[in-house]
Amino acid sequence: MPPLGLVEGPARRRLRVGLLLESPTGAAVDADTRDAVTAVAQLLAKQGHEVSEAHSGVGTRFVDDFLDYWGLLAFSVVTGGRLLHGRTFDPHRLDGLTHGLADHYRRALARTPVFLHRLRRVAATHAELFTRHDVLLSPVLAHTPPEIGWLAPTVPIEQLTARLLDYVAFTPLANVAGAPAVALPAGATAGGLPVGVHLQTPVGDERTLLELAYAIEADRPWRRIQD
């Protein structure tokens with residue numbers, strides 16, 4: 001990729017912003033999260049950008065394929081950790097989620113060529129979105145932060161996996177596509193819990209992400225911990 005150069009502030013370009021509120025995993029977006037993302041969309045429209053509805057178009061198999069791929073990564077750590085980290089690496093000390101995902105992949109081993117092929121097609125579908133939009137705007141997570149322990153390593157693997165897919169419901173799209181993305185603060189709920197927005201651009205266009213982040217922060221400065 002060519003160098004981006006120094007990004008020191010917002011640009012004056014008028015962007016086509018795709019508002020993505022339909023999760024690729026099928027998870028429902030809660031009201032606080034939806035309101036926060038919609039408010040940022042309205043801010044971008046006020047700044048002069050063109051905001052329109054966007055759809056991921058990934059299909060119903062995306063969750064299963066992503067889970068298989070996630071399991072492949074965990075399996076690689078469990079079985080090949082010593083090659084990466086040396087002989088002192090002890091796979092028995094890995095958390096239950098990693099072992100559970102690795103076990104999932106062992107059962108999915110024969111599907112590897114098929115799910116990898118479909119995920120490559122997802123990457124192509126994602127790239128095609130940017131023929132209609134310069135930027136995708138979505139939630140980072142499908143709902144506001146849960147109580148401590150809701151995603152604890154002690155939660156049974158099937159329940160924990162389901163909770164993660166219901167929570168981390170938008171970022172897998174950028175993970176699979178290899179697209180640049182940034183998560184930005186978008187305010188807080190009435191109870192003070194933070195809500196974030198997620199911006200994505202085509203591969204190689206981090207400059208637009210940084211410029212747009214500057215523009216959003218200028219109009220809605222981040223809440224600081226000292227505040």
# chains A, B, ... in the order shown; residues from 1 in each chain; ligands from 1

$ select_by_dssp --residues "chain A" --states "helix (DSSP H, G or I)" --output "ChimeraX atom specification"
/A:31-46,62-85,91-93,96-129,157-167,171-177,206-219

$ closest_atom_pairs --of "range 125-158 of chain A" --to "range 37-58 of chain A" --cutoff "12 Å" --atoms "only C-alpha atoms" --output "Markdown table"
| residue | atom | partner | partner_atom | distance |
| --- | --- | --- | --- | --- |
| A:Thr125 | CA | A:Gly57 | CA | 7.0 |
| A:His126 | CA | A:Ser56 | CA | 6.9 |
| A:Ala127 | CA | A:Ser56 | CA | 10.3 |
| A:Glu128 | CA | A:Gly57 | CA | 10.0 |
| A:Leu129 | CA | A:Ser56 | CA | 7.7 |
| A:Phe130 | CA | A:Ala54 | CA | 10.3 |
| A:Thr131 | CA | A:Ala54 | CA | 11.8 |
| A:Arg132 | CA | A:Ala54 | CA | 9.0 |
| A:His133 | CA | A:Ala54 | CA | 8.3 |
| A:Asp134 | CA | A:Glu50 | CA | 9.9 |
| A:Val135 | CA | A:Val51 | CA | 9.6 |
| A:Leu136 | CA | A:Ala54 | CA | 7.7 |
| A:Leu137 | CA | A:Ala41 | CA | 7.6 |
| A:Ser138 | CA | A:Val37 | CA | 6.6 |
| A:Pro139 | CA | A:Val37 | CA | 6.1 |
| A:Val140 | CA | A:Val37 | CA | 9.3 |
| A:Leu141 | CA | A:Val37 | CA | 10.7 |
| A:Ala142 | CA | A:Val37 | CA | 10.9 |
| A:His143 | CA | A:Val37 | CA | 11.6 |

$ residues_around --residues "range 111-118 of chain A" --least-positions-apart "4" --cutoff "9 Å" --atoms "only C-alpha atoms" --output "list in words"
Arg61, Phe62, Asp64, Asp65, Phe66, Asp68, Tyr69, Leu72, Tyr105, Arg107, Val122 and Ala123 of chain A

$ atom_distance --atom1 "CA of Pro153 in chain A" --atom2 "CA of Gly86 in chain A"
24.9 Å

$ select_by_dssp --residues "range 62-205 of chain A" --states "strand (DSSP E)" --output "tab-separated table (two decimals) with all heavy atoms, in the first residue's frame"
chain	number	residue	atom	x	y	z
A	135	VAL	N	-17.52	5.03	3.28
A	135	VAL	CA	-17.33	4.65	4.68
A	135	VAL	C	-18.55	3.87	5.15
A	135	VAL	O	-19.68	4.18	4.74
A	135	VAL	CB	-17.16	5.90	5.59
A	135	VAL	CG1	-16.95	5.49	7.05
A	135	VAL	CG2	-16.02	6.77	5.12
A	136	LEU	N	-18.33	2.88	5.99
A	136	LEU	CA	-19.43	2.20	6.67
A	136	LEU	C	-19.45	2.64	8.13
A	136	LEU	O	-18.40	2.63	8.80
A	136	LEU	CB	-19.28	0.68	6.60
A	136	LEU	CG	-19.49	-0.01	5.26
A	136	LEU	CD1	-19.31	-1.52	5.42
A	136	LEU	CD2	-20.87	0.31	4.69
A	137	LEU	N	-20.61	3.01	8.62
A	137	LEU	CA	-20.81	3.40	10.02
A	137	LEU	C	-21.72	2.38	10.68
A	137	LEU	O	-22.81	2.10	10.16
A	137	LEU	CB	-21.44	4.80	10.10
A	137	LEU	CG	-21.99	5.24	11.45
A	137	LEU	CD1	-20.87	5.41	12.47
A	137	LEU	CD2	-22.79	6.53	11.31
A	138	SER	N	-21.29	1.82	11.79
A	138	SER	CA	-22.09	0.81	12.49
A	138	SER	C	-21.80	0.88	13.99
A	138	SER	O	-20.88	1.58	14.41
A	138	SER	CB	-21.75	-0.59	11.97
A	138	SER	OG	-20.48	-1.02	12.46
A	139	PRO	N	-22.53	0.14	14.80
A	139	PRO	CA	-22.10	-0.04	16.19
A	139	PRO	C	-20.79	-0.82	16.22
A	139	PRO	O	-20.42	-1.49	15.26
A	139	PRO	CB	-23.24	-0.86	16.81
A	139	PRO	CG	-24.41	-0.69	15.90
A	139	PRO	CD	-23.82	-0.51	14.52
A	181	ALA	N	-10.44	-0.34	10.10
A	181	ALA	CA	-11.60	0.08	10.89
A	181	ALA	C	-11.11	0.80	12.13
A	181	ALA	O	-9.97	0.63	12.57
A	181	ALA	CB	-12.45	-1.13	11.27
A	182	VAL	N	-12.00	1.61	12.71
A	182	VAL	CA	-11.67	2.33	13.94
A	182	VAL	C	-12.93	2.38	14.79
A	182	VAL	O	-14.04	2.50	14.28
A	182	VAL	CB	-11.15	3.75	13.64
A	182	VAL	CG1	-12.19	4.62	12.96
A	182	VAL	CG2	-10.64	4.42	14.91
A	183	ALA	N	-12.75	2.23	16.09
A	183	ALA	CA	-13.84	2.36	17.05
A	183	ALA	C	-13.70	3.69	17.78
A	183	ALA	O	-12.61	4.02	18.26
A	183	ALA	CB	-13.83	1.21	18.05
A	184	LEU	N	-14.79	4.44	17.84
A	184	LEU	CA	-14.77	5.76	18.45
A	184	LEU	C	-15.83	5.87	19.53
A	184	LEU	O	-16.90	5.28	19.41
A	184	LEU	CB	-15.04	6.84	17.40
A	184	LEU	CG	-14.15	6.89	16.17
A	184	LEU	CD1	-14.66	7.94	15.20
A	184	LEU	CD2	-12.71	7.18	16.57
A	185	PRO	N	-15.58	6.65	20.58
A	185	PRO	CA	-16.63	6.90	21.59
A	185	PRO	C	-17.81	7.63	20.95
A	185	PRO	O	-17.63	8.51	20.12
A	185	PRO	CB	-15.92	7.78	22.62
A	185	PRO	CG	-14.46	7.60	22.38
A	185	PRO	CD	-14.31	7.32	20.92
A	186	ALA	N	-19.02	7.23	21.37
A	186	ALA	CA	-20.21	7.88	20.81
A	186	ALA	C	-21.16	8.31	21.91
A	186	ALA	O	-22.35	8.42	21.69
A	186	ALA	CB	-20.92	6.93	19.86
A	187	GLY	N	-20.62	8.56	23.09
A	187	GLY	CA	-21.48	8.98	24.19
A	187	GLY	C	-21.66	7.87	25.20
A	187	GLY	O	-20.87	6.92	25.28
A	188	ALA	N	-22.73	7.98	25.98
A	188	ALA	CA	-22.96	7.03	27.06
A	188	ALA	C	-24.46	6.88	27.28
A	188	ALA	O	-25.27	7.71	26.87
A	188	ALA	CB	-22.28	7.51	28.35
A	194	PRO	N	-20.43	3.37	28.46
A	194	PRO	CA	-19.98	3.91	27.17
A	194	PRO	C	-20.60	3.16	26.00
A	194	PRO	O	-20.89	1.97	26.07
A	194	PRO	CB	-18.47	3.67	27.22
A	194	PRO	CG	-18.30	2.49	28.11
A	194	PRO	CD	-19.37	2.62	29.17
A	195	VAL	N	-20.79	3.88	24.90
A	195	VAL	CA	-21.27	3.31	23.65
A	195	VAL	C	-20.31	3.74	22.55
A	195	VAL	O	-19.90	4.91	22.51
A	195	VAL	CB	-22.70	3.78	23.31
A	195	VAL	CG1	-23.19	3.11	22.03
A	195	VAL	CG2	-23.66	3.48	24.45
A	196	GLY	N	-19.95	2.81	21.67
A	196	GLY	CA	-19.01	3.14	20.61
A	196	GLY	C	-19.60	2.99	19.23
A	196	GLY	O	-20.60	2.29	19.03
A	197	VAL	N	-18.99	3.68	18.27
A	197	VAL	CA	-19.34	3.50	16.86
A	197	VAL	C	-18.13	2.94	16.13
A	197	VAL	O	-16.98	3.12	16.55
A	197	VAL	CB	-19.80	4.81	16.18
A	197	VAL	CG1	-21.09	5.30	16.80
A	197	VAL	CG2	-18.72	5.87	16.24
A	198	HIS	N	-18.40	2.27	15.03
A	198	HIS	CA	-17.39	1.57	14.25
A	198	HIS	C	-17.40	2.12	12.84
A	198	HIS	O	-18.46	2.20	12.22
A	198	HIS	CB	-17.75	0.08	14.25
A	198	HIS	CG	-16.67	-0.83	13.80
A	198	HIS	ND1	-16.84	-1.76	12.78
A	198	HIS	CD2	-15.40	-0.99	14.22
A	198	HIS	CE1	-15.74	-2.44	12.62
A	198	HIS	NE2	-14.84	-2.00	13.47
A	199	LEU	N	-16.25	2.54	12.35
A	199	LEU	CA	-16.13	3.03	10.98
A	199	LEU	C	-15.21	2.10	10.20
A	199	LEU	O	-14.17	1.67	10.70
A	199	LEU	CB	-15.54	4.44	10.96
A	199	LEU	CG	-16.34	5.54	11.66
A	199	LEU	CD1	-15.52	6.82	11.72
A	199	LEU	CD2	-17.66	5.79	10.95
A	200	GLN	N	-15.60	1.80	8.96
A	200	GLN	CA	-14.77	0.97	8.08
A	200	GLN	C	-14.61	1.66	6.73
A	200	GLN	O	-15.52	2.35	6.27
A	200	GLN	CB	-15.43	-0.40	7.84
A	200	GLN	CG	-15.68	-1.23	9.07
A	200	GLN	CD	-16.43	-2.49	8.74
A	200	GLN	OE1	-15.97	-3.30	7.93
A	200	GLN	NE2	-17.59	-2.69	9.33

$ atom_distance --atom1 "CA of Leu67 in chain A" --atom2 "CA of Gly26 in chain A"
13.7 Å

$ residues_around --residues "Leu193 in chain A" --least-positions-apart "6" --cutoff "10 Å" --atoms "only C-alpha atoms" --output "list of chain:residue names"
A:Asp32, A:Thr144, A:Pro145, A:Pro146, A:Gly187

$ write_last_selection --atoms "N, CA, C and O atoms" --output "CSV table (one decimal), in the first residue's frame"
chain,number,residue,atom,x,y,z
A,32,ASP,N,-30.2,1.7,23.2
A,32,ASP,CA,-29.1,2.7,23.5
A,32,ASP,C,-28.1,2.7,22.5
A,32,ASP,O,-27.6,3.8,22.1
A,144,THR,N,-25.0,-2.6,25.0
A,144,THR,CA,-24.1,-1.9,26.0
A,144,THR,C,-23.4,-2.9,26.9
A,144,THR,O,-23.8,-4.1,27.0
A,145,PRO,N,-22.3,-2.5,27.5
A,145,PRO,CA,-21.5,-3.4,28.3
A,145,PRO,C,-22.3,-4.2,29.3
A,145,PRO,O,-23.1,-3.6,30.1
A,146,PRO,N,-22.1,-5.6,29.4
A,146,PRO,CA,-22.8,-6.4,30.4
A,146,PRO,C,-22.1,-6.3,31.7
A,146,PRO,O,-21.0,-5.7,31.9
A,187,GLY,N,-20.6,8.6,23.1
A,187,GLY,CA,-21.5,9.0,24.2
A,187,GLY,C,-21.7,7.9,25.2
A,187,GLY,O,-20.9,6.9,25.3

$ residues_around --residues "Leu101 in chain A" --least-positions-apart "4" --cutoff "9 Å" --atoms "only C-alpha atoms" --output "list in words"
Leu67, Asp68, Trp70, Gly71, Leu72, Leu73, Ala74, Phe75, Gly96, Leu97, Tyr105, Arg106, Ile157 and Thr161 of chain A

$ atom_distance --atom1 "CA of Val63 in chain A" --atom2 "CA of Thr25 in chain A"
5.5 Å

$ residues_around --residues "Val155 in chain A" --least-positions-apart "6" --cutoff "12 Å" --atoms "only C-alpha atoms" --output "list in words"
Asp95, Gly96, Leu97, Gly100, Ile148, Gly149, Thr161, Ala162, Arg163 and Leu164 of chain A

$ write_last_selection --atoms "C-alpha atoms" --output "CSV table (one decimal), in the first residue's frame"
chain,number,residue,atom,x,y,z
A,95,ASP,CA,-8.3,-20.3,28.9
A,96,GLY,CA,-11.4,-22.4,28.4
A,97,LEU,CA,-12.7,-20.4,25.4
A,100,GLY,CA,-13.4,-24.9,23.4
A,148,ILE,CA,-18.7,-8.2,35.1
A,149,GLY,CA,-18.7,-12.0,34.9
A,161,THR,CA,-19.7,-18.5,22.5
A,162,ALA,CA,-23.3,-17.6,22.0
A,163,ARG,CA,-22.9,-14.5,24.3
A,164,LEU,CA,-19.8,-13.4,22.4
